[in-house]
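The data block below is input.cif; it holds mmCIF, C-alpha atoms and all ligand atoms.
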data_target
loop_
_atom_site.label_atom_id
_atom_site.label_comp_id
_atom_site.auth_asym_id
_atom_site.auth_seq_id
_atom_site.Cartn_x
_atom_site.Cartn_y
_atom_site.Cartn_z
CA MET A 264 -3.50 11.87 10.57
CA SER A 265 -3.25 15.41 11.91
CA GLY A 266 -3.75 18.47 9.75
CA PRO A 267 -6.66 20.08 7.92
CA GLU A 268 -7.99 16.79 6.49
CA ALA A 269 -8.18 15.22 9.93
CA ALA A 270 -10.02 18.22 11.28
CA ARG A 271 -12.76 17.61 8.72
CA ARG A 272 -13.04 13.89 9.48
CA PRO A 273 -15.92 12.74 11.70
CA THR A 274 -14.88 11.79 15.23
CA ALA A 275 -17.03 8.65 15.68
CA ASP A 276 -15.23 5.32 15.39
CA VAL A 277 -14.95 4.14 11.80
CA ALA A 278 -16.75 0.85 12.50
CA ASP A 279 -19.65 2.73 14.12
CA ARG A 280 -19.81 5.07 11.15
CA ALA A 281 -20.03 2.14 8.73
CA ALA A 282 -22.93 0.60 10.71
CA THR A 283 -24.74 3.91 11.01
CA GLY A 284 -24.21 4.63 7.32
CA PHE A 285 -25.68 1.23 6.48
CA THR A 286 -28.75 1.65 8.64
CA GLU A 287 -29.41 5.15 7.32
CA ALA A 288 -29.05 4.05 3.70
CA TYR A 289 -30.96 0.77 3.80
CA GLY A 290 -33.34 1.13 6.78
CA GLU A 291 -32.08 -1.90 8.70
CA PRO A 292 -28.84 -2.92 10.42
CA PRO A 293 -26.05 -4.78 8.56
CA VAL A 294 -25.44 -8.50 9.16
CA GLY A 295 -21.74 -7.87 9.69
CA ARG A 296 -18.75 -5.54 9.37
CA TRP A 297 -15.40 -6.20 7.74
CA ALA A 298 -12.27 -4.07 8.18
CA ALA A 299 -9.07 -3.75 6.16
CA PRO A 300 -6.17 -1.43 7.03
CA GLY A 301 -4.04 0.95 5.04
CA ARG A 302 -0.39 -0.06 4.82
CA ALA A 303 3.03 1.48 4.99
CA ASN A 304 5.92 -0.27 3.31
CA LEU A 305 8.86 -0.46 5.71
CA ILE A 306 11.25 -1.16 2.84
CA GLY A 307 11.26 -2.71 -0.65
CA GLU A 308 9.91 -0.14 -3.10
CA HIS A 309 9.11 -0.92 -6.74
CA THR A 310 10.46 -4.41 -6.17
CA ASP A 311 7.10 -6.23 -6.20
CA TYR A 312 6.55 -6.13 -9.97
CA ASN A 313 10.17 -7.21 -10.40
CA ASP A 314 9.35 -10.50 -8.62
CA GLY A 315 11.37 -9.23 -5.64
CA PHE A 316 10.99 -8.73 -1.90
CA VAL A 317 8.87 -6.30 0.11
CA LEU A 318 8.33 -5.69 3.83
CA PRO A 319 5.10 -3.78 4.48
CA PHE A 320 3.12 -3.51 7.71
CA ALA A 321 -0.53 -2.69 8.39
CA LEU A 322 -1.52 0.69 9.77
CA PRO A 323 -4.00 1.24 12.57
CA LEU A 324 -6.05 3.30 10.07
CA ARG A 325 -8.86 1.20 8.59
CA THR A 326 -11.60 1.03 6.01
CA VAL A 327 -14.75 -0.68 7.28
CA VAL A 328 -17.54 -2.13 5.15
CA ALA A 329 -20.90 -2.89 6.78
CA ALA A 330 -22.83 -5.33 4.63
CA ALA A 331 -25.86 -7.56 4.16
CA PRO A 332 -27.04 -9.73 1.28
CA HIS A 333 -29.23 -8.13 -1.39
CA PRO A 334 -31.90 -10.61 -2.41
CA ASP A 335 -32.31 -9.21 -5.95
CA GLY A 336 -28.72 -10.23 -6.76
CA THR A 337 -27.42 -6.70 -7.52
CA TRP A 338 -25.02 -4.48 -5.55
CA ARG A 339 -25.69 -1.17 -3.82
CA VAL A 340 -22.89 0.75 -2.17
CA CYS A 341 -22.88 3.95 -0.15
CA SER A 342 -19.74 5.69 1.01
CA GLU A 343 -19.19 8.39 3.58
CA LEU A 344 -16.26 9.54 1.48
CA SER A 345 -18.36 10.83 -1.40
CA GLY A 346 -21.77 10.86 0.27
CA GLU A 347 -23.20 8.97 -2.73
CA THR A 348 -24.99 5.65 -3.11
CA ILE A 349 -24.33 3.77 -6.32
CA GLY A 350 -25.89 0.61 -7.70
CA PHE A 351 -24.84 -1.86 -10.33
CA GLY A 352 -25.86 -5.26 -11.63
CA ALA A 353 -24.40 -8.12 -13.64
CA ASP A 354 -24.26 -6.04 -16.86
CA GLU A 355 -22.01 -3.38 -15.34
CA VAL A 356 -19.57 -5.98 -14.03
CA ALA A 357 -19.55 -8.04 -17.22
CA GLU A 358 -16.56 -6.03 -18.44
CA PRO A 359 -14.25 -3.30 -17.07
CA GLY A 360 -15.04 0.37 -17.51
CA ARG A 361 -18.78 0.50 -16.79
CA VAL A 362 -18.44 1.58 -13.13
CA THR A 363 -15.96 4.40 -12.60
CA ASP A 364 -14.42 6.54 -9.85
CA TRP A 365 -14.37 4.98 -6.32
CA GLY A 366 -17.13 2.54 -7.30
CA ALA A 367 -14.69 0.87 -9.70
CA TYR A 368 -12.77 -0.62 -6.75
CA VAL A 369 -15.97 -2.26 -5.50
CA ALA A 370 -17.26 -3.32 -8.92
CA GLY A 371 -13.74 -4.52 -9.77
CA VAL A 372 -13.81 -6.95 -6.87
CA VAL A 373 -17.18 -8.33 -7.97
CA TRP A 374 -15.87 -8.56 -11.56
CA ALA A 375 -12.67 -10.36 -10.51
CA LEU A 376 -14.57 -12.81 -8.31
CA ARG A 377 -17.00 -13.62 -11.12
CA GLU A 378 -14.16 -13.92 -13.61
CA ALA A 379 -12.53 -16.46 -11.29
CA GLY A 380 -15.75 -18.49 -11.34
CA HIS A 381 -17.25 -17.52 -7.98
CA ALA A 382 -21.02 -17.10 -7.54
CA VAL A 383 -20.90 -13.62 -5.99
CA PRO A 384 -23.89 -12.83 -3.77
CA GLY A 385 -25.80 -9.59 -4.36
CA ALA A 386 -25.09 -7.24 -1.46
CA ARG A 387 -25.77 -3.88 0.12
CA LEU A 388 -22.62 -2.23 1.42
CA ALA A 389 -21.77 0.89 3.41
CA ILE A 390 -18.19 2.17 3.49
CA ALA A 391 -16.44 4.30 6.09
CA SER A 392 -12.70 4.92 6.21
CA ASP A 393 -9.91 6.49 8.21
CA VAL A 394 -7.31 5.77 5.53
CA PRO A 395 -6.46 9.09 3.85
CA LEU A 396 -7.13 9.05 0.10
CA GLY A 397 -4.28 9.62 -2.31
CA ALA A 398 -1.62 9.67 0.42
CA GLY A 399 0.10 6.50 -0.78
CA LEU A 400 -1.16 4.42 2.16
CA SER A 401 -3.17 2.00 -0.01
CA SER A 402 -6.66 3.33 0.55
CA SER A 403 -7.64 1.51 -2.65
CA ALA A 404 -6.29 -1.86 -1.52
CA ALA A 405 -8.02 -1.36 1.85
CA LEU A 406 -11.33 -0.78 0.09
CA GLU A 407 -10.83 -3.77 -2.20
CA ALA A 408 -9.91 -6.04 0.71
CA ALA A 409 -12.78 -4.93 2.96
CA VAL A 410 -15.28 -5.50 0.13
CA LEU A 411 -13.65 -8.78 -0.88
CA THR A 412 -13.67 -10.28 2.62
CA ALA A 413 -17.31 -9.19 3.09
CA LEU A 414 -18.43 -10.82 -0.18
CA VAL A 415 -16.42 -13.99 0.49
CA ASP A 416 -18.08 -14.39 3.90
CA LEU A 417 -21.59 -13.40 2.78
CA GLY A 418 -21.45 -15.84 -0.14
CA GLY A 419 -19.53 -18.59 1.68
CA LEU A 420 -17.07 -18.47 -1.23
CA ASP A 421 -14.12 -20.84 -1.36
CA LEU A 422 -11.31 -18.25 -1.42
CA PRO A 423 -8.79 -18.67 1.40
CA ALA A 424 -6.79 -15.64 2.58
CA GLU A 425 -3.64 -16.68 0.70
CA ARG A 426 -5.50 -16.46 -2.64
CA GLN A 427 -7.27 -13.18 -1.91
CA PRO A 428 -4.40 -10.74 -2.67
CA ARG A 429 -4.09 -11.95 -6.31
CA LEU A 430 -7.81 -11.54 -6.79
CA ALA A 431 -7.86 -8.03 -5.32
CA GLN A 432 -4.85 -7.13 -7.49
CA ARG A 433 -6.73 -8.46 -10.53
CA ALA A 434 -9.58 -6.06 -9.66
CA GLU A 435 -7.14 -3.16 -9.59
CA ASN A 436 -5.18 -4.16 -12.72
CA GLY A 437 -8.04 -5.48 -14.83
CA TYR A 438 -11.04 -3.38 -13.80
CA VAL A 439 -9.65 -0.14 -12.39
CA GLY A 440 -6.79 -0.22 -14.89
CA ALA A 441 -3.82 0.50 -12.58
CA PRO A 442 -0.75 -1.68 -13.40
CA THR A 443 0.26 -2.19 -9.76
CA GLY A 444 2.12 -5.13 -8.21
CA ILE A 445 0.99 -7.54 -5.50
CA MET A 446 2.37 -5.75 -2.43
CA ASP A 447 -0.51 -3.57 -1.30
CA GLN A 448 -3.25 -6.19 -1.49
CA SER A 449 -0.98 -8.75 0.23
CA ALA A 450 -0.18 -6.28 2.99
CA VAL A 451 -3.70 -5.25 3.80
CA ILE A 452 -4.99 -8.83 3.73
CA ARG A 453 -2.14 -10.80 5.29
CA CYS A 454 -0.33 -8.53 7.78
CA ARG A 455 -0.37 -9.28 11.51
CA ALA A 456 -0.25 -6.88 14.47
CA GLY A 457 3.26 -6.38 15.84
CA HIS A 458 4.82 -7.78 12.67
CA ALA A 459 5.96 -6.75 9.22
CA LEU A 460 5.10 -8.99 6.28
CA PHE A 461 8.14 -10.36 4.45
CA LEU A 462 6.72 -11.27 1.05
CA ASP A 463 8.51 -12.94 -1.80
CA CYS A 464 6.56 -11.54 -4.73
CA ARG A 465 7.65 -14.34 -7.04
CA ASP A 466 6.13 -17.29 -5.20
CA GLU A 467 4.01 -15.26 -2.75
CA SER A 468 5.51 -17.04 0.25
CA ILE A 469 5.31 -14.96 3.41
CA GLU A 470 6.93 -14.68 6.81
CA HIS A 471 5.53 -12.61 9.64
CA VAL A 472 8.68 -10.92 10.93
CA PRO A 473 8.50 -9.49 14.47
CA PHE A 474 8.39 -5.69 14.30
CA ASP A 475 7.64 -4.97 17.91
CA LEU A 476 8.31 -1.26 18.06
CA ASP A 477 6.55 -0.82 21.37
CA ALA A 478 8.85 -3.26 23.18
CA ALA A 479 11.88 -1.41 21.78
CA GLY A 480 10.53 2.00 22.83
CA LEU A 481 10.25 2.96 19.17
CA ALA A 482 7.48 4.12 16.86
CA VAL A 483 7.03 4.91 13.22
CA LEU A 484 6.11 8.47 12.43
CA VAL A 485 4.17 8.62 9.16
CA VAL A 486 4.31 12.04 7.52
CA ASP A 487 1.84 12.87 4.76
CA SER A 488 3.93 15.01 2.39
CA ARG A 489 0.76 16.58 0.93
CA ALA A 490 2.71 16.93 -2.30
CA PRO A 491 0.40 16.93 -5.29
CA HIS A 492 0.80 13.62 -7.17
CA ARG A 493 2.52 14.89 -10.30
CA HIS A 494 2.02 12.43 -13.19
CA ALA A 495 2.27 9.55 -10.70
CA ASP A 496 0.36 7.03 -12.84
CA GLY A 497 2.38 7.63 -15.99
CA GLU A 498 5.69 7.66 -14.11
CA TYR A 499 4.81 4.40 -12.31
CA ALA A 500 4.05 2.70 -15.63
CA ALA A 501 7.27 4.14 -17.10
CA ARG A 502 9.38 2.72 -14.22
CA ARG A 503 7.72 -0.64 -14.63
CA GLY A 504 8.38 -0.55 -18.37
CA SER A 505 12.09 0.30 -17.86
CA CYS A 506 12.52 -2.58 -15.43
CA GLU A 507 10.87 -5.04 -17.78
CA ARG A 508 12.98 -3.85 -20.71
CA ALA A 509 16.14 -4.11 -18.62
CA ALA A 510 15.27 -7.66 -17.58
CA GLY A 511 14.81 -8.51 -21.26
CA LEU A 512 18.19 -6.99 -22.17
CA LEU A 513 19.85 -8.92 -19.37
CA GLY A 514 18.15 -12.16 -20.39
CA VAL A 515 16.43 -12.76 -17.04
CA ALA A 516 12.76 -13.33 -16.27
CA ALA A 517 12.72 -10.38 -13.85
CA LEU A 518 15.24 -8.07 -12.14
CA ARG A 519 14.87 -10.25 -9.06
CA ASP A 520 17.16 -12.65 -10.89
CA VAL A 521 20.07 -10.19 -10.75
CA PRO A 522 21.79 -10.87 -7.40
CA ALA A 523 23.50 -8.02 -5.54
CA GLN A 524 26.93 -9.56 -6.19
CA GLY A 525 26.15 -9.72 -9.92
CA LEU A 526 25.13 -6.05 -10.12
CA ASP A 527 28.36 -4.66 -11.58
CA ASP A 528 28.38 -7.25 -14.36
CA ALA A 529 24.74 -6.53 -15.13
CA LEU A 530 25.32 -2.77 -15.24
CA ALA A 531 28.29 -3.24 -17.57
CA ARG A 532 25.96 -4.94 -20.04
CA LEU A 533 23.54 -1.99 -20.20
CA ASP A 534 24.46 0.98 -22.33
CA GLU A 535 21.97 3.54 -21.06
CA GLU A 536 22.76 5.44 -17.89
CA GLU A 537 19.11 5.84 -16.90
CA THR A 538 18.43 2.11 -17.26
CA ARG A 539 21.53 1.37 -15.19
CA ARG A 540 20.18 3.58 -12.40
CA ARG A 541 16.78 1.87 -12.45
CA VAL A 542 18.39 -1.57 -12.28
CA ARG A 543 20.74 -0.49 -9.49
CA HIS A 544 17.78 0.67 -7.40
CA VAL A 545 15.86 -2.58 -7.76
CA VAL A 546 18.83 -4.86 -7.14
CA THR A 547 20.15 -2.93 -4.13
CA GLU A 548 16.63 -2.47 -2.73
CA ASN A 549 15.99 -6.22 -2.79
CA GLN A 550 19.21 -6.70 -0.83
CA ARG A 551 18.19 -3.99 1.67
CA VAL A 552 14.94 -5.86 2.30
CA LEU A 553 16.86 -9.06 3.00
CA ASP A 554 19.24 -7.18 5.32
CA THR A 555 16.35 -5.53 7.16
CA VAL A 556 14.61 -8.87 7.62
CA ALA A 557 17.83 -10.38 9.02
CA LEU A 558 18.11 -7.57 11.59
CA LEU A 559 14.45 -7.85 12.60
CA ARG A 560 14.70 -11.63 12.97
CA ALA A 561 17.65 -11.03 15.30
CA GLY A 562 15.63 -8.52 17.35
CA ARG A 563 17.93 -5.65 16.26
CA VAL A 564 15.16 -3.28 15.23
CA ARG A 565 17.04 -0.08 16.19
CA GLU A 566 19.71 -0.96 13.65
CA ILE A 567 17.48 -0.91 10.56
CA GLY A 568 17.52 2.90 10.36
CA PRO A 569 20.49 3.26 7.95
CA LEU A 570 18.90 0.75 5.56
CA LEU A 571 15.71 2.85 5.47
CA THR A 572 17.70 5.99 4.76
CA ALA A 573 19.77 4.25 2.07
CA SER A 574 16.53 3.11 0.45
CA HIS A 575 15.38 6.71 0.30
CA ALA A 576 18.63 7.84 -1.33
CA SER A 577 18.23 5.08 -3.91
CA MET A 578 14.66 6.14 -4.70
CA ARG A 579 15.78 9.77 -4.97
CA ASP A 580 18.95 9.33 -7.01
CA ASP A 581 18.53 6.08 -8.96
CA PHE A 582 14.81 5.44 -9.34
CA GLU A 583 14.02 9.18 -9.35
CA ILE A 584 10.58 8.92 -7.77
CA THR A 585 10.86 11.42 -4.91
CA VAL A 586 9.79 15.08 -4.91
CA PRO A 587 11.16 18.05 -2.93
CA GLU A 588 8.50 17.76 -0.23
CA VAL A 589 9.36 14.15 0.63
CA ASP A 590 13.10 14.81 0.47
CA THR A 591 12.60 17.73 2.85
CA ALA A 592 10.60 15.56 5.26
CA VAL A 593 13.28 12.84 5.25
CA GLU A 594 16.13 15.31 5.77
CA ALA A 595 14.33 17.15 8.57
CA ALA A 596 13.36 13.90 10.34
CA LEU A 597 16.94 12.65 10.25
CA ALA A 598 18.30 15.98 11.45
CA ALA A 599 15.85 15.84 14.36
CA GLY A 600 17.12 12.43 15.48
CA ALA A 601 15.10 9.85 13.52
CA LEU A 602 17.02 6.56 13.31
CA GLY A 603 16.11 6.28 9.62
CA ALA A 604 13.58 7.75 7.21
CA ARG A 605 12.29 7.08 3.73
CA MET A 606 9.44 7.72 1.38
CA THR A 607 6.98 4.82 1.39
CA GLY A 608 4.79 3.73 -1.53
CA GLY A 609 4.81 4.37 -5.25
CA GLY A 610 6.33 7.86 -5.09
CA PHE A 611 5.87 11.34 -6.58
CA GLY A 612 4.32 12.46 -3.29
CA GLY A 613 2.61 10.33 -0.69
CA CYS A 614 4.04 9.60 2.73
CA VAL A 615 7.39 9.42 4.46
CA LEU A 616 8.03 7.09 7.37
CA ALA A 617 10.58 7.79 10.06
CA LEU A 618 11.74 5.30 12.69
CA VAL A 619 11.92 7.25 15.93
CA ASP A 620 12.31 6.81 19.65
CA ALA A 621 8.68 6.92 20.75
CA GLU A 622 9.23 9.91 23.03
CA ARG A 623 10.88 11.85 20.17
CA ALA A 624 7.97 11.39 17.74
CA ASP A 625 6.36 14.76 18.44
CA ALA A 626 9.67 16.62 18.26
CA VAL A 627 10.53 14.97 14.93
CA ALA A 628 7.06 15.82 13.57
CA ALA A 629 7.52 19.43 14.70
CA ALA A 630 10.91 19.60 12.98
CA VAL A 631 9.40 18.37 9.72
CA THR A 632 6.59 20.91 9.98
CA ALA A 633 9.13 23.70 10.61
CA ALA A 634 11.24 22.61 7.62
CA TYR A 635 8.13 22.68 5.44
CA ALA A 636 7.29 26.19 6.60
CA GLU A 637 10.83 27.33 5.81
CA ARG A 638 10.56 25.95 2.27
CA GLY A 639 7.07 27.45 1.78
CA PHE A 640 5.30 24.07 1.43
CA PRO A 641 1.74 23.60 2.76
CA ALA A 642 1.85 21.99 6.24
CA PRO A 643 2.31 18.20 6.24
CA GLY A 644 0.03 15.77 8.12
CA HIS A 645 1.43 13.22 10.54
CA VAL A 646 0.47 10.26 12.69
CA THR A 647 2.50 7.97 14.95
CA VAL A 648 1.76 4.28 14.39
CA LEU A 649 2.50 0.75 15.53
CA PRO A 650 1.94 -2.22 13.18
CA GLY A 651 -1.70 -3.35 13.27
CA PRO A 652 -3.68 -6.36 12.02
CA GLY A 653 -4.69 -7.19 8.45
CA ALA A 654 -8.20 -7.58 7.04
CA THR A 655 -10.68 -9.17 9.39
CA ARG A 656 -14.36 -9.64 10.12
CA LEU A 657 -15.34 -7.45 13.07
CA ASP A 658 -18.74 -8.90 13.94
C1 LIG A 701 2.27 1.14 -5.36
C2 LIG A 701 1.86 -0.19 -6.01
F1 LIG A 701 0.52 -0.39 -5.87
C3 LIG A 701 2.62 -1.37 -5.41
O1 LIG A 701 2.31 -2.53 -6.14
C4 LIG A 701 4.12 -1.11 -5.40
O2 LIG A 701 4.66 -1.28 -6.70
C5 LIG A 701 4.44 0.27 -4.84
O3 LIG A 701 3.68 1.29 -5.47
C6 LIG A 701 5.90 0.61 -4.97
O4 LIG A 701 6.66 -0.23 -4.18
O5 LIG A 701 1.88 1.16 -4.03
#

Can the structure from this file be put into C-alpha cells for me?
Amino acid sequence: MSGPEAARRPTADVADRAATGFTEAYGEPPVGRWAAPGRANLIGEHTDYNDGFVLPFALPLRTVVAAAPHPDGTWRVCSELSGETIGFGADEVAEPGRVTDWGAYVAGVVWALREAGHAVPGARLAIASDVPLGAGLSSSAALEAAVLTALVDLGGLDLPAERQPRLAQRAENGYVGAPTGIMDQSAVIRCRAGHALFLDCRDESIEHVPFDLDAAGLAVLVVDSRAPHRHADGEYAARRGSCERAAGLLGVAALRDVPAQGLDDALARLDEEETRRRVRHVVTENQRVLDTVALLRAGRVREIGPLLTASHASMRDDFEITVPEVDTAVEAALAAGALGARMTGGGFGGCVLALVDAERADAVAAAVTAAYAERGFPAPGHVTVLPGPGATRLD
C-alpha cells in the first residue's frame, strides 16, 4: 500500500522478516514459516451472517508466522507490529479475556483448538505482516490463519483446511469477542491464486471461480480510505441484530431464505422503513453475488463492473455503512474510468476496490487522490492487486 504507512514499513520481504524476528527473539532459527493473506471481498457484503453468498479473493499482502515447538508446553509470541514479545500458558487460554490486544488473536486460536479437543503443542512464534491493520483487509483473519496453520502442522493435528475457517472464526467470536461471520477466515484459508472464492455461508460449500484479471488486461485497485473507523464495532453488531430481527419477523431462519423475486412481498410485511432498507440490501446483494459468479463463470469479467457499483449504492443507501471518504473514492474512481467500484469489508471506513484496465490503474489512483485533496481528506493509500493464494506453509 502506498502512502505514509507504507513509507514506514520495512523493505525486507515479509517471510524474511518473520525468520529474522524469530532468530533474534529465540536465538535459533524457526522450523518452518506459514503465510496467510489479507482479503478483499469482490462482492457480497454483510451477507455471510445472513447465511448468504460471498465472493472474496486473497490479496498478495501476507502475514507470515515463523514457528518452532516450545518444549515447556507454553506459547511465546513476538510481533514486528508492536515490537513486543508476549507469553501465555494453559491458564490464560482456559477462558476468554485473559490475553488482550493483538495477542488475543493468537491466544484465541489456541483456546479454540483446545476447546475443540485438540492437543495444541506449545510453540514459539514470530509474526511479520504486510497486511495493513484496521484497513478492512482482514489483518485479524490473516493472523489467526497463519497461527492456526502453524499450530496444526507443528502438532500434526487432525484439522483439514475445510474445517479451519470455523475454528478461526470461533477464536474471533468467542475469544476476541467480535461477532463476525465466516467470510474472512474462509477467504484467507481457502482462496486460490487467479480465482475468487464463491462461498455459500449456509453449508460452507465453495467454488473457486476464475478471476483471471491479468488475462483480461484488468486489475483491481484497492484504495485505503484512511477514514477513521467511527463506531464500526457497534454499528456492525447493530446491522447484524436488525437482520436477525427481520428474519424473525418474516418467519425465516435467515435473510438468505428471502429470494430476490420474493423481496416485494417480504418488504410489504415489514412496517419499519429502516428494517425494509436493511432487508433490501441483503436480498439484492445475494442476487448480485450470484449474477457476478455467473458472469465470471462465463469469462465475462469486464461486465461485472455495474454489479460492483450497484453493491456500493446499496451499502450507501440501504445498509448505510459507507462514509464520505469511501463514497468520494468510489465516485472519483468511476469518473476516472473504473469499470466498477465499491467499498469492501464491514464498512464505516476501510478500503474501496475498483475494477480497472490495468494500464489505467495509476490514473484512477491519481484521480482518487485529487478528489480527496479537493474535499480536504488526508491522502488515501492505494495498491494494485491480482488475486493471490490462500494460507500455506512456505518451508
Ligand atoms: C467483516 C466481517 F468480519 C465479515 O464476517 C463480514 O460480515 C464483513 O465484515 C461484511 O461483509 O469483515

Distance filter 10 Å around ligand LIG 701 (chain A), atoms: all atoms listed in the file, out as a PyMOL selection string = chain A and resi 302-304+306-313+316-319+399-404+432+435-436+441-449+495-496+499-500+502-503+584+607-610+613

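Checking A:Cys464, A:Ala629, A:Ile567, A:Ile469 one by one against Arg519 of chain A, counting all atoms listed in the file, you find the shortest gap at A:Cys464.
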
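For the residues A:Ala375, A:Ala529, A:Val410, A:Met578, ranking by smallest atom-to-atom distance to Arg296 of chain A using all atoms listed in the file places A:Val410 first.
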
List as a Markdown table every residue of segment 544-619 of chain A that is in contact with segment 642-653 of chain A, defined as an atom at most 10 Å from one of its atoms (using only C-alpha atoms), together with the nearest atom pair and the distance in Å rounded to one decimal, sorted by chain and then rising number.
| residue | atom | partner | partner_atom | distance |
| --- | --- | --- | --- | --- |
| A:Glu588 | CA | A:Pro643 | CA | 9.0 |
| A:Val589 | CA | A:Pro643 | CA | 9.9 |
| A:Ala592 | CA | A:Pro643 | CA | 8.8 |
| A:Cys614 | CA | A:His645 | CA | 9.0 |
| A:Val615 | CA | A:His645 | CA | 9.3 |
| A:Leu616 | CA | A:Thr647 | CA | 9.4 |
| A:Ala617 | CA | A:Thr647 | CA | 9.4 |
| A:Leu618 | CA | A:Thr647 | CA | 9.9 |
| A:Val619 | CA | A:Thr647 | CA | 9.5 |

Show me as number ranges by chain the residues that reach within 8 Å of (-25.3, -11.8, -10.7), counting all atoms listed in the file and using the file's own coordinates.
-> A: 336-337, 352-353, 382-385

Just the residues within 6 Å of Asp581 of chain A, please, counting all atoms listed in the file, with nothing from its chain fewer than 5 positions along; format it as a short mmCIF file (atom, residue, chain, number, x, y, z; two decimals) with C-alpha atoms, in the coordinates of the input.
data_model
loop_
_atom_site.label_atom_id
_atom_site.label_comp_id
_atom_site.auth_asym_id
_atom_site.auth_seq_id
_atom_site.Cartn_x
_atom_site.Cartn_y
_atom_site.Cartn_z
CA ARG A 540 20.18 3.58 -12.40
CA ARG A 541 16.78 1.87 -12.45
CA HIS A 544 17.78 0.67 -7.40
#

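The shortest atom-to-atom distance to Ile452 of chain A, with only C-alpha atoms taken into account, belongs to A:Glu425 out of A:Asp335, A:Glu425, A:Asp276, A:Glu470.
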
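Restricting the calculation to only C-alpha atoms, the smallest distance between Gly284 of chain A and any of A:Ala561, A:Leu462, A:Val328, A:Ala450 is found for A:Val328.
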
Go ahead and compute the interatomic distance for atom CA of Val486 of chain A and atom CA of Arg560 of chain A, in Å to one decimal.
-> 26.4 Å

Mind pulling up the distance from atom CA of Arg465 of chain A to atom CA of Leu406 of chain A?
-> 24.4 Å

Could you give me segment 284-289 of chain A completed to all heavy atoms, formatted as a PDB file, keeping the file's coordinate frame?
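The result, written out as result-v6.pdb:
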ATOM      1  N   GLY A 284     -24.015   4.327   8.749  1.00  0.00           N
ATOM      2  CA  GLY A 284     -24.210   4.630   7.320  1.00  0.00           C
ATOM      3  C   GLY A 284     -25.093   3.572   6.671  1.00  0.00           C
ATOM      4  O   GLY A 284     -25.967   3.883   5.864  1.00  0.00           O
ATOM      5  N   PHE A 285     -24.887   2.314   7.054  1.00  0.00           N
ATOM      6  CA  PHE A 285     -25.680   1.230   6.480  1.00  0.00           C
ATOM      7  C   PHE A 285     -27.148   1.387   6.861  1.00  0.00           C
ATOM      8  O   PHE A 285     -28.043   1.344   6.012  1.00  0.00           O
ATOM      9  CB  PHE A 285     -25.145  -0.128   6.967  1.00  0.00           C
ATOM     10  CG  PHE A 285     -25.793  -1.295   6.270  1.00  0.00           C
ATOM     11  CD1 PHE A 285     -25.150  -1.929   5.214  1.00  0.00           C
ATOM     12  CD2 PHE A 285     -27.054  -1.751   6.646  1.00  0.00           C
ATOM     13  CE1 PHE A 285     -25.753  -2.991   4.545  1.00  0.00           C
ATOM     14  CE2 PHE A 285     -27.667  -2.803   5.989  1.00  0.00           C
ATOM     15  CZ  PHE A 285     -27.015  -3.429   4.936  1.00  0.00           C
ATOM     16  N   THR A 286     -27.367   1.583   8.157  1.00  0.00           N
ATOM     17  CA  THR A 286     -28.750   1.650   8.640  1.00  0.00           C
ATOM     18  C   THR A 286     -29.480   2.848   8.043  1.00  0.00           C
ATOM     19  O   THR A 286     -30.640   2.752   7.646  1.00  0.00           O
ATOM     20  CB  THR A 286     -28.745   1.717  10.188  1.00  0.00           C
ATOM     21  OG1 THR A 286     -27.950   0.612  10.655  1.00  0.00           O
ATOM     22  CG2 THR A 286     -30.142   1.604  10.758  1.00  0.00           C
ATOM     23  N   GLU A 287     -28.762   3.967   7.923  1.00  0.00           N
ATOM     24  CA  GLU A 287     -29.410   5.150   7.320  1.00  0.00           C
ATOM     25  C   GLU A 287     -29.725   4.919   5.842  1.00  0.00           C
ATOM     26  O   GLU A 287     -30.769   5.337   5.347  1.00  0.00           O
ATOM     27  CB  GLU A 287     -28.496   6.381   7.463  1.00  0.00           C
ATOM     28  CG  GLU A 287     -28.557   6.951   8.874  1.00  0.00           C
ATOM     29  CD  GLU A 287     -27.503   8.045   9.106  1.00  0.00           C
ATOM     30  OE1 GLU A 287     -26.764   8.387   8.154  1.00  0.00           O
ATOM     31  OE2 GLU A 287     -27.424   8.528  10.256  1.00  0.00           O
ATOM     32  N   ALA A 288     -28.847   4.226   5.142  1.00  0.00           N
ATOM     33  CA  ALA A 288     -29.050   4.050   3.700  1.00  0.00           C
ATOM     34  C   ALA A 288     -30.094   2.992   3.380  1.00  0.00           C
ATOM     35  O   ALA A 288     -30.850   3.128   2.422  1.00  0.00           O
ATOM     36  CB  ALA A 288     -27.724   3.677   3.035  1.00  0.00           C
ATOM     37  N   TYR A 289     -30.129   1.930   4.191  1.00  0.00           N
ATOM     38  CA  TYR A 289     -30.960   0.770   3.800  1.00  0.00           C
ATOM     39  C   TYR A 289     -32.093   0.472   4.787  1.00  0.00           C
ATOM     40  O   TYR A 289     -32.861  -0.467   4.588  1.00  0.00           O
ATOM     41  CB  TYR A 289     -30.072  -0.469   3.630  1.00  0.00           C
ATOM     42  CG  TYR A 289     -28.893  -0.231   2.704  1.00  0.00           C
ATOM     43  CD1 TYR A 289     -27.568  -0.318   3.164  1.00  0.00           C
ATOM     44  CD2 TYR A 289     -29.092   0.112   1.362  1.00  0.00           C
ATOM     45  CE1 TYR A 289     -26.491  -0.086   2.331  1.00  0.00           C
ATOM     46  CE2 TYR A 289     -28.007   0.351   0.512  1.00  0.00           C
ATOM     47  CZ  TYR A 289     -26.707   0.255   1.005  1.00  0.00           C
ATOM     48  OH  TYR A 289     -25.650   0.493   0.172  1.00  0.00           O
TER      49      TYR A 289
END
